Structure formats: C-alpha cells, structure tokens
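Enquirer: Structure file final.cif, mmCIF, C-alpha atoms, is pasted below:
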data_data
loop_
_atom_site.label_atom_id
_atom_site.label_comp_id
_atom_site.auth_asym_id
_atom_site.auth_seq_id
_atom_site.Cartn_x
_atom_site.Cartn_y
_atom_site.Cartn_z
CA ASP J 19 18.20 2.15 -5.17
CA ALA J 20 18.88 -1.54 -4.80
CA LYS J 21 16.12 -3.90 -3.76
CA THR J 22 16.22 -5.82 -0.47
CA THR J 23 14.86 -9.21 0.49
CA GLN J 24 13.88 -10.08 4.05
CA PRO J 25 12.05 -13.05 5.59
CA PRO J 26 8.44 -12.14 6.30
CA SER J 27 8.54 -13.22 9.93
CA MET J 28 10.81 -14.53 12.69
CA ASP J 29 10.53 -15.58 16.31
CA CYS J 30 13.08 -15.11 19.05
CA ALA J 31 13.11 -16.01 22.75
CA GLU J 32 13.27 -13.16 25.23
CA GLY J 33 16.83 -12.54 26.42
CA ARG J 34 18.40 -14.17 23.39
CA ALA J 35 20.05 -12.40 20.49
CA ALA J 36 17.77 -11.70 17.56
CA ASN J 37 19.51 -11.92 14.19
CA LEU J 38 17.59 -10.42 11.29
CA PRO J 39 18.99 -11.09 7.81
CA CYS J 40 18.70 -8.93 4.72
CA ASN J 41 19.82 -9.65 1.17
CA HIS J 42 20.79 -6.79 -1.12
CA SER J 43 22.74 -8.54 -3.87
CA THR J 44 22.47 -5.64 -6.33
CA ILE J 45 23.82 -3.01 -3.94
CA SER J 46 26.23 -0.56 -5.50
CA GLY J 47 29.33 0.97 -3.98
CA ASN J 48 27.76 4.23 -2.87
CA GLU J 49 24.62 2.77 -1.30
CA TYR J 50 24.14 2.61 2.44
CA VAL J 51 22.23 -0.04 4.37
CA TYR J 52 19.65 1.36 6.80
CA TRP J 53 17.52 -0.42 9.37
CA TYR J 54 14.29 0.90 10.82
CA ARG J 55 11.63 -0.72 12.93
CA GLN J 56 7.97 -0.03 13.47
CA ILE J 57 6.27 -1.03 16.66
CA HIS J 58 2.54 -1.52 16.31
CA SER J 59 0.58 1.75 16.00
CA GLN J 60 3.71 3.89 16.07
CA GLY J 61 5.79 5.63 13.43
CA PRO J 62 8.96 3.91 12.18
CA GLN J 63 12.08 4.34 14.28
CA TYR J 64 15.60 4.63 12.93
CA ILE J 65 17.93 1.94 14.32
CA ILE J 66 21.28 1.98 12.57
CA HIS J 67 22.99 2.33 9.19
CA GLY J 68 26.30 1.44 7.58
CA LEU J 69 28.27 1.47 4.35
CA LYS J 70 31.05 -1.11 4.58
CA ASN J 71 32.14 -1.56 8.15
CA ASN J 72 30.23 -3.18 10.95
CA GLU J 73 28.44 -0.68 13.15
CA THR J 74 27.18 -0.76 16.72
CA ASN J 75 25.08 1.63 18.75
CA GLU J 76 23.01 1.45 21.91
CA MET J 77 20.18 -0.30 20.12
CA ALA J 78 21.79 -2.84 17.82
CA SER J 79 24.73 -4.05 15.78
CA LEU J 80 24.90 -4.16 12.00
CA ILE J 81 27.06 -6.75 10.31
CA ILE J 82 27.69 -6.23 6.58
CA THR J 83 29.36 -9.01 4.60
CA GLU J 84 32.61 -8.24 2.85
CA ASP J 85 30.97 -8.33 -0.59
CA ARG J 86 28.16 -6.12 0.81
CA LYS J 87 25.49 -8.34 -0.70
CA SER J 88 23.87 -9.08 2.62
CA SER J 89 23.68 -7.80 6.16
CA THR J 90 22.42 -8.85 9.56
CA LEU J 91 20.87 -6.71 12.25
CA ILE J 92 21.57 -8.03 15.72
CA LEU J 93 19.55 -7.15 18.79
CA PRO J 94 21.86 -8.58 21.48
CA HIS J 95 19.35 -9.22 24.27
CA ALA J 96 15.85 -9.12 22.85
CA THR J 97 12.99 -7.99 25.05
CA LEU J 98 9.24 -8.16 24.52
CA ARG J 99 9.34 -4.47 23.55
CA ASP J 100 11.46 -5.37 20.53
CA THR J 101 8.46 -7.04 18.90
CA ALA J 102 8.03 -4.99 15.71
CA VAL J 103 8.35 -4.99 11.94
CA TYR J 104 11.98 -4.45 10.94
CA TYR J 105 12.81 -2.82 7.63
CA CYS J 106 16.09 -3.10 5.77
CA ILE J 107 16.57 -0.31 3.21
CA VAL J 108 19.36 0.40 0.78
CA ARG J 109 19.81 3.84 -0.65
CA VAL J 110 22.24 6.31 -2.10
CA ALA J 111 23.22 9.01 0.39
CA SER J 112 22.22 11.81 -1.96
CA ASN J 113 18.77 10.37 -2.61
CA TYR J 114 16.09 11.80 -0.37
CA GLN J 115 13.71 8.91 -0.73
CA LEU J 116 13.63 5.67 1.21
CA ILE J 117 12.02 2.75 -0.60
CA TRP J 118 10.15 0.68 1.98
CA GLY J 119 9.59 -3.05 1.51
CA ALA J 120 7.41 -5.36 3.58
CA GLY J 121 10.00 -5.92 6.31
CA THR J 122 10.36 -8.76 8.81
CA LYS J 123 7.82 -9.15 11.57
CA LEU J 124 9.88 -10.09 14.63
CA ILE J 125 8.00 -11.64 17.53
CA ILE J 126 9.81 -11.93 20.85
CA LYS J 127 8.40 -14.73 22.96
CA PRO J 128 8.64 -14.95 26.76
CA ASP F 20 16.10 13.55 21.19
CA VAL F 21 14.51 14.48 17.89
CA LYS F 22 10.84 15.17 18.23
CA VAL F 23 8.34 15.10 15.41
CA THR F 24 4.78 15.86 16.37
CA GLN F 25 1.59 15.52 14.38
CA SER F 26 -1.53 17.53 15.07
CA SER F 27 -3.89 14.60 15.64
CA ARG F 28 -3.61 10.89 16.35
CA TYR F 29 -7.08 10.15 15.04
CA LEU F 30 -9.24 12.13 12.66
CA VAL F 31 -12.64 11.47 11.10
CA LYS F 32 -13.75 13.55 8.14
CA ARG F 33 -16.56 13.46 5.63
CA THR F 34 -16.16 12.99 1.89
CA GLY F 35 -15.51 16.32 0.19
CA GLU F 36 -14.12 18.08 3.25
CA LYS F 37 -10.81 19.90 3.12
CA VAL F 38 -8.39 18.29 5.56
CA PHE F 39 -5.20 19.71 7.04
CA LEU F 40 -2.60 17.50 8.67
CA GLU F 41 0.13 19.38 10.49
CA CYS F 42 3.63 18.23 11.32
CA VAL F 43 6.23 20.03 13.42
CA GLN F 44 9.86 19.04 14.08
CA ASP F 45 12.20 20.58 16.61
CA MET F 46 15.61 19.60 15.23
CA ASP F 47 16.12 22.23 12.55
CA HIS F 48 16.04 19.57 9.84
CA GLU F 49 16.10 20.69 6.24
CA ASN F 50 14.02 17.81 4.92
CA MET F 51 10.48 16.82 5.75
CA PHE F 52 8.26 14.07 4.36
CA TRP F 53 4.69 12.89 4.24
CA TYR F 54 3.92 9.18 3.81
CA ARG F 55 0.82 7.12 3.93
CA GLN F 56 0.78 3.55 5.16
CA ASP F 57 -1.78 0.98 4.14
CA PRO F 58 -1.94 -2.75 4.91
CA GLY F 59 -0.11 -4.76 2.29
CA LEU F 60 1.25 -1.64 0.55
CA GLY F 61 3.80 -0.47 3.10
CA LEU F 62 4.91 3.14 3.39
CA ARG F 63 4.48 5.23 0.27
CA LEU F 64 5.87 8.73 -0.15
CA ILE F 65 3.33 11.43 -0.96
CA TYR F 66 5.45 14.61 -0.94
CA PHE F 67 8.68 15.83 0.52
CA SER F 68 10.34 19.18 1.05
CA TYR F 69 14.08 19.88 1.19
CA ASP F 70 13.77 23.56 2.08
CA VAL F 71 11.25 26.21 3.05
CA LYS F 72 8.73 26.80 0.25
CA MET F 73 10.25 23.92 -1.74
CA LYS F 74 8.37 20.71 -2.44
CA GLU F 75 8.79 17.62 -4.54
CA LYS F 76 6.25 14.99 -5.52
CA GLY F 77 6.71 11.53 -4.18
CA ASP F 78 5.20 8.34 -5.54
CA ILE F 79 1.51 9.11 -4.91
CA PRO F 80 0.89 12.90 -4.89
CA GLU F 81 -2.52 12.82 -6.58
CA GLY F 82 -5.25 14.28 -4.39
CA TYR F 83 -2.77 15.92 -2.02
CA SER F 84 -0.91 19.18 -1.72
CA VAL F 85 1.63 20.44 0.82
CA SER F 86 2.81 23.66 2.35
CA ARG F 87 6.07 24.56 4.01
CA GLU F 88 6.14 28.19 5.07
CA LYS F 89 8.49 27.65 8.01
CA LYS F 90 11.38 25.26 8.37
CA GLU F 91 9.89 23.40 11.31
CA ARG F 92 6.40 22.92 9.90
CA PHE F 93 5.15 20.82 6.98
CA SER F 94 1.45 20.55 6.24
CA LEU F 95 -0.38 17.99 4.16
CA ILE F 96 -3.63 19.10 2.58
CA LEU F 97 -6.41 16.97 1.20
CA GLU F 98 -8.35 19.42 -0.95
CA SER F 99 -11.46 17.26 -1.14
CA ALA F 100 -11.22 14.15 0.99
CA SER F 101 -12.32 10.85 -0.50
CA THR F 102 -12.86 7.46 1.08
CA ASN F 103 -9.78 6.03 -0.64
CA GLN F 104 -7.70 8.49 1.37
CA THR F 105 -8.59 6.67 4.58
CA SER F 106 -5.15 5.68 5.83
CA MET F 107 -2.39 6.16 8.38
CA TYR F 108 -0.42 9.32 7.59
CA LEU F 109 3.15 9.59 8.79
CA CYS F 110 5.33 12.66 8.83
CA ALA F 111 9.12 12.46 9.02
CA SER F 112 12.05 14.84 9.12
CA GLY F 113 15.75 14.46 8.50
CA SER F 114 18.97 16.27 7.72
CA THR F 115 21.40 15.70 4.90
CA GLY F 116 24.79 15.10 6.38
CA ALA F 117 27.74 13.69 4.52
CA GLY F 118 27.33 9.92 4.33
CA SER F 119 24.47 9.90 6.74
CA TYR F 120 20.80 10.34 6.38
CA GLU F 121 18.17 9.21 8.85
CA GLN F 122 14.51 10.02 8.93
CA TYR F 123 12.69 10.59 12.20
CA PHE F 124 8.99 9.88 12.28
CA GLY F 125 6.02 11.26 14.13
CA PRO F 126 3.43 9.01 15.79
CA GLY F 127 1.09 9.10 12.80
CA THR F 128 -2.44 10.31 12.15
CA ARG F 129 -5.08 7.71 11.44
CA LEU F 130 -7.52 9.42 9.10
CA THR F 131 -10.93 7.97 8.36
CA VAL F 132 -13.00 9.50 5.56
CA THR F 133 -16.66 8.54 5.65
#
Once more with this new file: its structure as structure tokens, please.

Expert:
Amino acid sequence: DAKTTQPPSMDCAEGRAANLPCNHSTISGNEYVYWYRQIHSQGPQYIIHGLKNNETNEMASLIITEDRKSSTLILPHATLRDTAVYYCIVRVASNYQLIWGAGTKLIIKP
Amino acid sequence: DVKVTQSSRYLVKRTGEKVFLECVQDMDHENMFWYRQDPGLGLRLIYFSYDVKMKEKGDIPEGYSVSREKKERFSLILESASTNQTSMYLCASGSTGAGSYEQYFGPGTRLTVT
C-alpha cells in the first residue's frame, strides 16, 4: 500500500471549517483513500473513504485531486468534540490490513 | 450502529500470567482484528481473522495467539504476559464489500503487566 504524509498537528477555530491535507503521491489506480480519527482514550472511528470522486457524508467531505496524489478531509463546522488525531490511509480494497501512520493531531480552539 | 465491545477497559496482570482479551461484534462481520497501540509507534496489527477458525499473523504476532470459534467473537491470548506487553489493545471488525472496506473499533483495553 502507498505511503501517506500528513502534518503532525493543526489548529482550527470552533465553528470554522477544518481542512486536513494528506499526500499520497505513490497511490496506484486501485487504492482507496480512507480517513479515520481517534479521540483521546477511544478506539479509532471510521470517517469516510473514496477512490476517485469527491465524497460527502454526515461527518465530513473528502476531496481527492484529479491526479489522486493528494486529498483533503473537510470538517465543515468544527466543534470542540472534533479534537482528535486524524489518520489518512491508502490501501487496496482486497487487502485486509490498514497501515497506520502518525496522523494529524487536530486541536479545535474555542 | 455497529457495536464492537471489549471485555475490559482496564486490566492489571502479573508477569507470567495467562491473559484473555475478548472482543464481540454485533454486525455479522467476516473480519476481525487485534491491534496494539503504543506512544510513538501507532497502531500495529497483531492478528486478524477473515472467517471462523481462520487466523492470519499481522506485523507483531510474537507472544500472542488468537481464537475465533464463533463469527461474532475474537479472543486475544497472552500465553505468559510480560512487561513489554503493557499497552492499549484495540479490537476491530469489518466486512469485505466490493470497493468498500471499513473497520469498526472497540473502546480498547489498557493492559498493564507488572
């Protein structure tokens, strides 16, 4: 599976959109982009995933560039409860394993 | 909502004890996983199972074994606990659908071996 690069930490003001970037320049055509988050002292939580097209669900939006070498997770109206470590993972659909990096620690400030 | 439960949130065991960590999921998922999470090392896969009685080694299986006798239950066993197995243990489950594959995690068990 391709490797991902994320900034180690980010701040965002409460009520604003939080935009978390992820680089995956070696992604191949059959690899999906997944986002998870882990709130302190809890297990990771699935957020969203995509292959080529932009995706949106009740939690977030995922924007994937046309060349698929990078993506952005958008939390449209961040709240204090969104403070967490966010993981961007790239994997082949048939591969059971997720390779976890260090993620981005997102701090939402009042 | 998918629910993954783990038998304990906190556990303290002595060196040499046999330790059982239980995980149960209620979504009829084929796949189940055991990870450990340590500061600075992230989540590392210990074992996973893609079917009843089937198991595959992950990245760090040494010192651990697993059991999956029923689809909903996946157990992690530390045959003889050691202090370097002090960690947060996370169980996850997931299904294999075409083009889609999410893992759903339990709350974790923080194990301390003294």

Enquirer: Distance CA of Tyr29 (chain F)-CA of Ser112 (chain F), one decimal place?

Expert: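 Separation between CA of Tyr29 (chain F) and CA of Ser112 (chain F): 20.6 Å.
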
Enquirer: For region 95-103 of chain J, find every residue with an atom within 7 Å (counting only C-alpha atoms), except residues of its own chain fewer than 3 positions away, and show them as a VMD selection string.

Expert: chain J and resid 32 to 36 55 to 58 121 to 127

Enquirer: Residues of chain J within 10 Å of chain F, counting all atoms listed in the file, what are they? List them as a ChimeraX atom specification.

Expert: /J:48-50,52-54,59-69,109-121

Enquirer: So what does the PyMOL selection byres ((chain F and resi 46) around 8) actually pick up in this one, as a PDB file with C-alpha atoms, keeping the file's coordinate frame?

Expert:
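In the end it all went to expr02.pdb:
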ATOM      1  CA  VAL F  21      14.510  14.480  17.890  1.00  0.00           C
ATOM      2  CA  LYS F  22      10.840  15.170  18.230  1.00  0.00           C
ATOM      3  CA  GLN F  44       9.860  19.040  14.080  1.00  0.00           C
ATOM      4  CA  ASP F  45      12.200  20.580  16.610  1.00  0.00           C
ATOM      5  CA  ASP F  47      16.120  22.230  12.550  1.00  0.00           C
ATOM      6  CA  HIS F  48      16.040  19.570   9.840  1.00  0.00           C
ATOM      7  CA  GLU F  91       9.890  23.400  11.310  1.00  0.00           C
TER       8      GLU F  91
END

Enquirer: Grab the CA of Glu76 (chain J) to CA of Gln24 (chain J) distance for me, in Å with one decimal place.

Expert: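 Calculated distance between CA of Glu76 (chain J) and CA of Gln24 (chain J) is 23.1 Å.
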
Enquirer: With all atoms listed in the file as the counted atoms, please give the residues lying no more than 12 Å from Gly35 (chain F), apart from itself and same-chain residues fewer than 2 positions off, as a list in words.

Expert: Lys32, Arg33, Lys37, Val38, Gly82, Leu97, Glu98, Ser99, Ala100, Ser101, Thr102, Asn103, Gln104, Val132 and Thr133 of chain F

Enquirer: Can you measure CA of Val51 (chain J) to CA of Asp57 (chain F) for me? One decimal in Å is fine.

Expert: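 We find that CA of Val51 (chain J) and CA of Asp57 (chain F) lie 24.0 Å from each other.
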
Enquirer: Can you list, as a compact mmCIF listing (two decimals) with C-alpha atoms, in the frame of the given file, every protein, DNA or RNA residue that comes within 9 Å of region 40-46 of chain J when you count only C-alpha atoms, leaving out same-chain residues fewer than 2 positions away?

Expert:
# COMPACT_ATOMS: atom_id res chain seq x y z
CA ASP J 19 18.20 2.15 -5.17
CA ALA J 20 18.88 -1.54 -4.80
CA LYS J 21 16.12 -3.90 -3.76
CA THR J 22 16.22 -5.82 -0.47
CA THR J 23 14.86 -9.21 0.49
CA GLN J 24 13.88 -10.08 4.05
CA PRO J 25 12.05 -13.05 5.59
CA LEU J 38 17.59 -10.42 11.29
CA ASN J 48 27.76 4.23 -2.87
CA GLU J 49 24.62 2.77 -1.30
CA TYR J 50 24.14 2.61 2.44
CA VAL J 51 22.23 -0.04 4.37
CA ASP J 85 30.97 -8.33 -0.59
CA ARG J 86 28.16 -6.12 0.81
CA LYS J 87 25.49 -8.34 -0.70
CA SER J 88 23.87 -9.08 2.62
CA SER J 89 23.68 -7.80 6.16
CA THR J 90 22.42 -8.85 9.56
CA LEU J 91 20.87 -6.71 12.25
CA TYR J 105 12.81 -2.82 7.63
CA CYS J 106 16.09 -3.10 5.77
CA ILE J 107 16.57 -0.31 3.21
CA VAL J 108 19.36 0.40 0.78
CA ARG J 109 19.81 3.84 -0.65
CA VAL J 110 22.24 6.31 -2.10

Enquirer: Could you state which residues are captured by the PyMOL selection byres ((chain F and resi 93) around 7) in this file, as an mmCIF file with C-alpha atoms, keeping the file's coordinate frame?

Expert:
data_model
loop_
_atom_site.group_PDB
_atom_site.id
_atom_site.type_symbol
_atom_site.label_atom_id
_atom_site.label_comp_id
_atom_site.auth_asym_id
_atom_site.auth_seq_id
_atom_site.Cartn_x
_atom_site.Cartn_y
_atom_site.Cartn_z
ATOM 1 C CA GLU F 41 0.130 19.380 10.490
ATOM 2 C CA CYS F 42 3.630 18.230 11.320
ATOM 3 C CA VAL F 43 6.230 20.030 13.420
ATOM 4 C CA MET F 51 10.480 16.820 5.750
ATOM 5 C CA SER F 86 2.810 23.660 2.350
ATOM 6 C CA ARG F 87 6.070 24.560 4.010
ATOM 7 C CA GLU F 91 9.890 23.400 11.310
ATOM 8 C CA ARG F 92 6.400 22.920 9.900
ATOM 9 C CA SER F 94 1.450 20.550 6.240
ATOM 10 C CA LEU F 95 -0.380 17.990 4.160
#
